[in-house]
$ cat final.cif   # mmCIF, C-alpha atoms
data_input
#
loop_
_atom_site.group_PDB
_atom_site.id
_atom_site.type_symbol
_atom_site.label_atom_id
_atom_site.label_comp_id
_atom_site.auth_asym_id
_atom_site.auth_seq_id
_atom_site.Cartn_x
_atom_site.Cartn_y
_atom_site.Cartn_z
ATOM 1 C CA MET A 171 42.907 -100.688 15.121
ATOM 2 C CA PRO A 172 42.936 -102.948 18.209
ATOM 3 C CA LYS A 173 46.184 -104.655 19.018
ATOM 4 C CA ARG A 174 46.321 -108.304 18.015
ATOM 5 C CA TYR A 175 47.815 -110.591 20.611
ATOM 6 C CA THR A 176 49.566 -113.903 20.388
ATOM 7 C CA PRO A 177 49.867 -116.011 23.547
ATOM 8 C CA THR A 178 53.466 -114.814 23.911
ATOM 9 C CA SER A 179 52.771 -111.120 23.346
ATOM 10 C CA ALA A 180 49.700 -111.240 25.609
ATOM 11 C CA ALA A 181 51.741 -112.790 28.420
ATOM 12 C CA ALA A 182 54.459 -110.167 28.012
ATOM 13 C CA ASP A 183 51.940 -107.319 28.018
ATOM 14 C CA VAL A 184 50.146 -108.686 31.097
ATOM 15 C CA GLU A 185 53.504 -108.895 32.864
ATOM 16 C CA ALA A 186 54.292 -105.288 31.890
ATOM 17 C CA ALA A 187 50.872 -104.092 33.075
ATOM 18 C CA LEU A 188 51.200 -105.888 36.395
ATOM 19 C CA ARG A 189 54.668 -104.409 36.856
ATOM 20 C CA LEU A 190 53.034 -100.956 36.888
ATOM 21 C CA LEU A 191 50.875 -102.001 39.834
ATOM 22 C CA GLU A 192 53.302 -104.234 41.700
ATOM 23 C CA GLY A 193 54.028 -103.396 45.279
ATOM 24 C CA ARG A 194 51.995 -104.124 48.342
ATOM 25 C CA TRP A 195 50.509 -100.644 48.666
ATOM 26 C CA LYS A 196 49.931 -99.276 45.164
ATOM 27 C CA LEU A 197 46.395 -100.594 44.805
ATOM 28 C CA VAL A 198 45.479 -99.365 48.284
ATOM 29 C CA ILE A 199 46.793 -95.904 47.402
ATOM 30 C CA LEU A 200 44.802 -95.955 44.157
ATOM 31 C CA PHE A 201 41.592 -96.847 45.977
ATOM 32 C CA HIS A 202 42.022 -93.796 48.206
ATOM 33 C CA LEU A 203 42.505 -91.557 45.165
ATOM 34 C CA PHE A 204 39.631 -92.885 43.032
ATOM 35 C CA GLY A 205 36.683 -90.617 42.378
ATOM 36 C CA GLY A 206 38.783 -87.528 41.813
ATOM 37 C CA ASN A 207 40.084 -87.397 45.367
ATOM 38 C CA VAL A 208 43.059 -85.110 45.895
ATOM 39 C CA MET A 209 45.060 -86.073 48.954
ATOM 40 C CA ARG A 210 48.124 -84.740 50.667
ATOM 41 C CA PHE A 211 50.920 -87.057 51.725
ATOM 42 C CA SER A 212 49.810 -86.780 55.362
ATOM 43 C CA ASP A 213 46.204 -87.603 54.399
ATOM 44 C CA LEU A 214 47.390 -90.792 52.725
ATOM 45 C CA GLU A 215 49.498 -91.637 55.788
ATOM 46 C CA ARG A 216 46.424 -91.326 57.998
ATOM 47 C CA ALA A 217 44.263 -93.285 55.550
ATOM 48 C CA ILE A 218 46.802 -96.142 55.421
ATOM 49 C CA PRO A 219 48.161 -96.308 58.980
ATOM 50 C CA THR A 220 50.232 -99.469 58.481
ATOM 51 C CA ILE A 221 52.383 -98.020 55.681
ATOM 52 C CA THR A 222 55.709 -96.363 56.492
ATOM 53 C CA GLN A 223 56.598 -92.886 55.230
ATOM 54 C CA LYS A 224 59.474 -94.329 53.221
ATOM 55 C CA ILE A 225 57.339 -96.912 51.421
ATOM 56 C CA LEU A 226 54.490 -94.446 50.828
ATOM 57 C CA GLY A 227 56.931 -92.024 49.248
ATOM 58 C CA GLN A 228 58.489 -94.742 47.085
ATOM 59 C CA GLN A 229 55.126 -96.034 45.900
ATOM 60 C CA LEU A 230 53.849 -92.525 45.108
ATOM 61 C CA ARG A 231 57.025 -91.664 43.186
ATOM 62 C CA SER A 232 56.705 -94.862 41.189
ATOM 63 C CA LEU A 233 53.019 -94.220 40.422
ATOM 64 C CA ALA A 234 53.866 -90.668 39.340
ATOM 65 C CA ALA A 235 56.775 -91.826 37.160
ATOM 66 C CA ASP A 236 54.460 -94.323 35.451
ATOM 67 C CA GLY A 237 51.848 -91.635 34.720
ATOM 68 C CA ILE A 238 49.185 -93.048 37.031
ATOM 69 C CA VAL A 239 49.345 -90.293 39.673
ATOM 70 C CA VAL A 240 50.040 -86.570 39.411
ATOM 71 C CA ARG A 241 52.177 -85.018 42.134
ATOM 72 C CA THR A 242 51.671 -81.295 42.676
ATOM 73 C CA ALA A 243 54.135 -79.507 44.978
ATOM 74 C CA TYR A 244 53.380 -76.034 46.293
ATOM 75 C CA ALA A 245 56.083 -73.610 47.411
ATOM 76 C CA HIS A 246 54.811 -73.275 50.977
ATOM 77 C CA VAL A 247 56.408 -73.619 54.355
ATOM 78 C CA PRO A 248 55.758 -76.292 55.504
ATOM 79 C CA PRO A 249 55.858 -77.989 52.102
ATOM 80 C CA LYS A 250 52.493 -78.924 50.625
ATOM 81 C CA VAL A 251 52.301 -81.809 48.159
ATOM 82 C CA GLU A 252 49.072 -83.181 46.731
ATOM 83 C CA TYR A 253 48.404 -86.341 44.787
ATOM 84 C CA ARG A 254 45.599 -87.172 42.380
ATOM 85 C CA LEU A 255 45.028 -89.736 39.679
ATOM 86 C CA THR A 256 45.605 -88.939 36.046
ATOM 87 C CA SER A 257 42.682 -89.712 33.743
ATOM 88 C CA TRP A 258 44.559 -92.865 32.747
ATOM 89 C CA GLY A 259 44.950 -93.788 36.419
ATOM 90 C CA GLN A 260 41.260 -93.107 37.056
ATOM 91 C CA SER A 261 40.411 -95.456 34.182
ATOM 92 C CA LEU A 262 41.689 -98.333 36.359
ATOM 93 C CA CYS A 263 38.638 -98.011 38.618
ATOM 94 C CA PRO A 264 36.284 -100.284 36.624
ATOM 95 C CA THR A 265 39.046 -102.862 36.204
ATOM 96 C CA LEU A 266 39.796 -102.987 39.924
ATOM 97 C CA ASP A 267 36.071 -103.041 40.677
ATOM 98 C CA ALA A 268 35.790 -106.091 38.400
ATOM 99 C CA ILE A 269 38.681 -107.757 40.268
ATOM 100 C CA LEU A 270 36.904 -107.154 43.594
ATOM 101 C CA LYS A 271 33.689 -108.651 42.235
ATOM 102 C CA TRP A 272 35.632 -111.595 40.845
ATOM 103 C CA ALA A 273 37.301 -112.219 44.227
ATOM 104 C CA ASP A 274 33.938 -111.953 45.990
ATOM 105 C CA ARG A 275 32.616 -114.809 43.828
ATOM 106 C CA ARG A 276 35.276 -117.156 45.156
ATOM 107 C CA PRO A 277 33.684 -120.530 45.895
ATOM 108 C CA VAL A 278 32.400 -120.774 49.448
ATOM 109 C CA GLU A 279 34.448 -123.901 50.229
ATOM 110 C CA LYS A 280 37.672 -122.055 49.323
ATOM 111 C CA LYS A 281 36.688 -119.139 51.579
ATOM 112 C CA ALA A 282 36.031 -121.581 54.423
ATOM 113 C CA GLN A 283 39.389 -123.321 53.868
ATOM 114 C CA LEU A 284 41.142 -119.969 53.920
ATOM 115 C CA ALA A 285 39.370 -118.997 57.153
ATOM 116 C CA LEU A 286 40.433 -122.269 58.783
ATOM 117 C CA THR A 287 44.001 -121.826 57.609
ATOM 118 C CA VAL A 288 44.135 -118.327 59.060
ATOM 119 C CA CYS A 289 42.533 -119.382 62.349
ATOM 120 C CA TYR A 290 44.792 -122.384 62.921
ATOM 121 C CA SER A 291 48.112 -121.250 61.575
#
$ encode --input "final.cif" --output "structure tokens"
Amino acid sequence: MPKRYTPTSAAADVEAALRLLEGRWKLVILFHLFGGNVMRFSDLERAIPTITQKILGQQLRSLAADGIVVRTAYAHVPPKVEYRLTSWGQSLCPTLDAILKWADRRPVEKKAQLALTVCYS
């Protein structure tokens, strides 16, 4: 049976869902892992050159703790650690795709205002 929401419970659940994805880099990491991609820590570092090792590690640990990413460590020297999305994490793909499409439909005048703000600030 689908969950029935009240305005209060819906707001609380949206807040809880967004908490799982909060952080500047989590969505970027997820985009690199969509489609069944398995990536090593160093691959993610190269794919996201502006992220620090510390923050990448923190974000990956958080995603793993929340059940969105699976971390697989191999007993090799040097250490080998791979990351992939869980099936639940992969199920975010259509949702994030919808968000991208929504953002792309932003009214043209707002896009122009944003461009002017960026150019003259």
$ atom_distance --input "final.cif" --atom1 "CA of Leu191 in chain A" --atom2 "CA of Arg231 in chain A"
12.5 Å
$ resolve_selection --input "final.cif" --expression "the PyMOL selection byres ((chain A and resi 259) around 10)" --output "list in words"
Leu200, Leu203, Phe204, Leu233, Ala234, Asp236, Gly237, Ile238, Val239, Val240, Arg254, Leu255, Thr256, Ser257, Trp258, Gln260, Ser261, Leu262 and Cys263 of chain A
$ closest_residue --input "final.cif" --among "A:Asp267, A:Glu252, A:Glu215, A:Asp274" --to "Trp195 in chain A" --atoms "all atoms listed in the file"
A:Glu215
$ resolve_selection --input "final.cif" --expression "the PyMOL selection byres ((chain A and resi 211) around 9)" --output "number ranges by chain"
A: 209-210, 212-216, 223, 226-227, 250-253
$ atom_distance --input "final.cif" --atom1 "CA of Val208 in chain A" --atom2 "CA of Gln229 in chain A"
16.3 Å
$ atom_distance --input "final.cif" --atom1 "CA of Thr265 in chain A" --atom2 "CA of Asn207 in chain A"
18.0 Å
$ closest_residue --input "final.cif" --among "A:Val278, A:Val247, A:Ile269, A:Ile221" --to "Lys196 in chain A" --atoms "all atoms listed in the file"
A:Ile221
$ closest_residue --input "final.cif" --among "A:Pro249, A:Pro172, A:Pro219, A:Pro264" --to "Ile199 in chain A" --atoms "only C-alpha atoms"
A:Pro219
